[in-house]
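Text of work-v2.csv (CSV, C-alpha atoms) as supplied:
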```
chain,number,residue,atom,x,y,z
A,272,MET,CA,82.5,-25.2,110.1
A,273,VAL,CA,83.4,-25.4,113.8
A,274,ARG,CA,86.7,-23.7,114.8
A,275,GLU,CA,88.6,-23.0,118.0
A,276,SER,CA,89.9,-19.7,116.7
A,277,LEU,CA,90.1,-17.6,113.5
A,278,LYS,CA,93.8,-18.4,113.1
A,279,THR,CA,94.6,-20.1,109.8
A,280,ASP,CA,96.0,-23.2,111.5
A,281,SER,CA,93.2,-23.5,114.1
A,282,ALA,CA,91.8,-26.9,115.2
A,283,HIS,CA,88.6,-27.3,113.4
A,284,LEU,CA,85.9,-29.6,111.9
A,285,MET,CA,84.2,-28.9,108.6
A,286,PHE,CA,81.4,-31.0,107.1
A,287,LEU,CA,81.0,-30.1,103.5
A,288,VAL,CA,79.2,-30.9,100.2
A,289,PHE,CA,80.8,-30.5,96.8
A,290,ALA,CA,79.0,-29.2,93.8
A,291,ASN,CA,78.8,-32.6,92.1
A,292,ASN,CA,79.3,-36.3,92.6
A,293,ALA,CA,82.6,-36.5,90.7
A,294,PRO,CA,85.0,-38.9,92.4
A,295,ARG,CA,87.8,-37.0,94.3
A,296,ASN,CA,90.5,-38.2,96.7
A,297,ASN,CA,89.1,-41.4,98.3
A,298,ASN,CA,85.6,-40.1,98.0
A,299,LEU,CA,82.7,-41.2,95.9
A,300,GLY,CA,79.8,-38.8,96.2
A,301,ALA,CA,79.6,-35.2,97.2
A,302,TYR,CA,80.0,-35.1,101.0
A,303,GLU,CA,83.2,-35.0,103.1
A,304,MET,CA,84.3,-34.3,106.6
A,305,GLN,CA,87.6,-32.4,107.1
A,306,PHE,CA,89.3,-31.7,110.4
A,307,ARG,CA,92.4,-30.6,112.2
A,308,ALA,CA,92.6,-32.2,115.6
A,309,THR,CA,95.1,-29.7,117.1
A,310,ALA,CA,96.3,-26.2,116.1
A,311,GLY,CA,99.1,-26.4,113.5
A,312,ASP,CA,98.4,-30.1,112.8
A,313,GLU,CA,97.7,-31.5,109.3
A,314,CYS,CA,94.2,-31.4,107.9
A,315,ARG,CA,92.6,-34.8,107.5
A,316,ALA,CA,89.5,-36.1,105.9
A,317,ILE,CA,86.8,-38.7,106.7
A,318,TYR,CA,85.3,-40.4,103.6
A,319,PRO,CA,82.3,-42.7,103.2
A,320,ALA,CA,83.1,-46.4,103.7
A,321,GLN,CA,82.2,-47.2,100.0
A,322,LEU,CA,85.0,-46.4,97.7
A,323,PRO,CA,84.9,-46.0,93.9
A,324,PRO,CA,83.7,-47.6,91.7
A,325,ALA,CA,80.7,-48.4,94.0
A,326,PRO,CA,77.6,-46.1,93.7
A,327,PRO,CA,77.9,-43.1,96.0
A,328,GLU,CA,76.7,-43.7,99.5
A,329,PHE,CA,76.1,-39.9,100.0
A,330,PRO,CA,75.3,-38.5,96.5
A,331,ALA,CA,74.5,-34.8,95.9
A,332,ALA,CA,71.0,-33.9,95.1
A,333,PHE,CA,71.3,-30.2,94.2
A,334,PRO,CA,69.8,-27.9,95.1
A,335,ASP,CA,68.6,-30.1,98.0
A,336,SER,CA,71.8,-30.9,99.9
A,337,TRP,CA,71.5,-30.5,103.6
A,338,LEU,CA,74.2,-30.7,106.3
A,339,ARG,CA,73.7,-31.1,110.1
A,340,VAL,CA,76.4,-31.2,112.8
A,341,LYS,CA,75.6,-32.0,116.4
A,342,ARG,CA,78.1,-31.9,119.3
A,343,SER,CA,77.9,-34.0,122.4
A,344,GLY,CA,81.0,-33.4,124.6
A,345,ASN,CA,83.9,-34.2,122.3
A,346,ARG,CA,81.9,-36.3,119.8
A,347,PHE,CA,80.6,-34.6,116.7
A,348,PHE,CA,77.8,-36.2,114.7
A,349,ALA,CA,77.6,-35.3,111.0
A,350,PHE,CA,74.3,-36.0,109.1
A,351,ALA,CA,73.4,-35.6,105.4
A,352,SER,CA,70.0,-35.2,103.9
A,353,THR,CA,68.3,-34.6,100.5
A,354,ASP,CA,65.1,-33.2,101.9
A,355,GLY,CA,66.0,-31.7,105.3
A,356,LYS,CA,63.7,-34.2,107.0
A,357,THR,CA,65.3,-37.6,106.7
A,358,TRP,CA,68.9,-37.7,107.9
A,359,LYS,CA,71.6,-40.3,107.4
A,360,LEU,CA,74.6,-40.4,109.7
A,361,TYR,CA,77.8,-39.7,107.8
A,362,THR,CA,80.3,-40.0,110.6
A,363,GLN,CA,80.8,-39.3,114.3
A,364,PRO,CA,84.4,-38.4,115.0
A,365,VAL,CA,85.8,-37.5,118.5
A,366,LEU,CA,87.8,-34.3,118.6
A,367,ALA,CA,88.9,-32.6,121.8
A,368,LEU,CA,88.0,-29.1,120.7
A,369,ALA,CA,87.5,-26.3,123.3
A,370,ARG,CA,84.1,-26.0,125.0
A,371,SER,CA,83.6,-22.6,123.4
A,372,VAL,CA,84.1,-22.6,119.6
A,373,LEU,CA,83.2,-20.5,116.6
A,374,VAL,CA,80.5,-21.9,114.3
A,375,GLY,CA,79.4,-20.8,110.9
A,376,PRO,CA,79.0,-21.6,107.2
A,377,ALA,CA,82.2,-21.8,105.1
A,378,LEU,CA,82.9,-21.9,101.3
A,379,THR,CA,85.9,-22.8,99.2
A,380,SER,CA,86.4,-23.8,95.6
A,381,HIS,CA,89.5,-25.9,96.3
A,382,GLU,CA,90.9,-24.3,93.2
A,383,PRO,CA,93.1,-21.2,93.6
A,384,LEU,CA,92.0,-19.6,90.4
A,385,THR,CA,88.3,-20.6,90.5
A,386,ALA,CA,85.7,-18.5,92.3
A,387,ALA,CA,83.0,-20.3,94.2
A,388,LYS,CA,79.4,-19.2,94.8
A,389,VAL,CA,76.8,-20.7,97.1
A,390,ALA,CA,73.5,-19.8,98.7
A,391,PHE,CA,73.0,-20.8,102.4
A,392,ARG,CA,69.4,-21.2,103.5
A,393,ASP,CA,67.6,-22.6,106.5
A,394,TYR,CA,70.8,-22.0,108.5
A,395,ALA,CA,70.5,-22.6,112.3
A,396,GLU,CA,73.4,-22.1,114.6
A,397,PHE,CA,74.6,-24.4,117.3
A,398,ALA,CA,72.7,-24.2,120.5
A,399,GLN,CA,74.2,-25.2,123.8
A,400,ALA,CA,72.4,-28.1,125.5
```
Show this structure as C-alpha cells.
Amino acid sequence: MVRESLKTDSAHLMFLVFANNAPRNNNLGAYEMQFRATAGDECRAIYPAQLPPAPPEFPAAFPDSWLRVKRSGNRFFAFASTDGKTWKLYTQPVLALARSVLVGPALTSHEPLTAAKVAFRDYAEFAQA
C-alpha cells in the first residue's frame, strides 16, 4: 500500500491479492488495484480486462502470489507473479500522489466479522531512484 498519510481518508494506492480466485465485483481472479486519487474522495478499483465468465487473467497460485509496485513520477506500475521471477503487468495508473509517501504491506478481510491472517515474505520497500 502507498499512502500520502495515515488518515483514514488519505489518497492511496493498494495492489492486493485475495485468498482465492472466486469472482467478486467486476473481477475474475485474485488480484485487484484499489485507489483513492485525492484525500476524502471515493475509493475506486481497477480490474483485469477479462470479465467473468472468461478464465482469470491473473489467477491466484497460493502460496506463490507475488506483488510488485514501481513508481515513476505519477505513474505506478503494478505487476503480478506466481514465482517472483516472471512478472506480468497488471495496470499502470497515473495518480498525483505527494513525492514523499508512506509504503508498506496491508491486510484486510473485507468482512467486518471475519479475521484475516497473512504471512508477508521477501518484502522489499520502495527505493528512491
Need to verify the contact set: Tyr361 (chain A), 7 Å, all atoms listed in the file, exclusion of same-chain residues closer than 6 positions in sequence. Can you return it as a short mmCIF file (atom, residue, chain, number, x, y, z; two decimals) with C-alpha atoms, in the frame of the given file?
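File written: result.cif
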```
data_model
loop_
_atom_site.label_atom_id
_atom_site.label_comp_id
_atom_site.auth_asym_id
_atom_site.auth_seq_id
_atom_site.Cartn_x
_atom_site.Cartn_y
_atom_site.Cartn_z
CA ALA A 349 77.60 -35.30 111.00
CA PHE A 350 74.30 -36.00 109.10
CA ALA A 351 73.40 -35.60 105.40
#
```
Do you have the CA of Ser343 (chain A)-CA of Thr279 (chain A) distance handy?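 Between CA of Ser343 (chain A) and CA of Thr279 (chain A) the gap is 25.1 Å.
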Would you list the residues near (94.2, -38.1, 115.1) (no more than 12 Å away, in the coordinates of the file, using all atoms listed in the file) as a list in words?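 Output of the proximity query reads Ala282, Gln305, Phe306, Arg307, Ala308, Thr309, Asp312, Glu313, Cys314, Arg315, Ala316, Ile317, Pro364, Val365, Leu366 and Ala367 of chain A.
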Point (89.5, -26.4, 123.1) neighbourhood (12 Å, all atoms listed in the file) written as a PyMOL selection string: chain A and resi 273-276+281-283+308-310+344-345+366-373
Which value, in Å to one decimal, gives the distance between CA of Ala290 (chain A) and CA of Glu382 (chain A)?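 So the two atoms, CA of Ala290 (chain A) and CA of Glu382 (chain A), lie 12.9 Å apart.
Using all atoms listed in the file, the nearest neighbour of Pro334 (chain A) within the list A:Thr385, A:Ser380, A:Thr353, A:Gln363 is A:Thr353.
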Could you tell me which of A:Leu277, A:Gly375, A:Met285, A:Phe333 comes closest to Ala301 (chain A) if we count all atoms listed in the file?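 Closest candidate: A:Phe333.
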Between CA of Lys388 (chain A) and CA of Ser352 (chain A) - distance in Å to one decimal: 20.7 Å
Find the spatial neighbours of Glu303 (chain A), counting all atoms listed in the file, within a cut-off of 10 Å - ignore same-chain residues fewer than 3 positions away - and output them as an MDAnalysis selection string. chainID A and resid 285:289 297:300 316:319 329 349 361:362
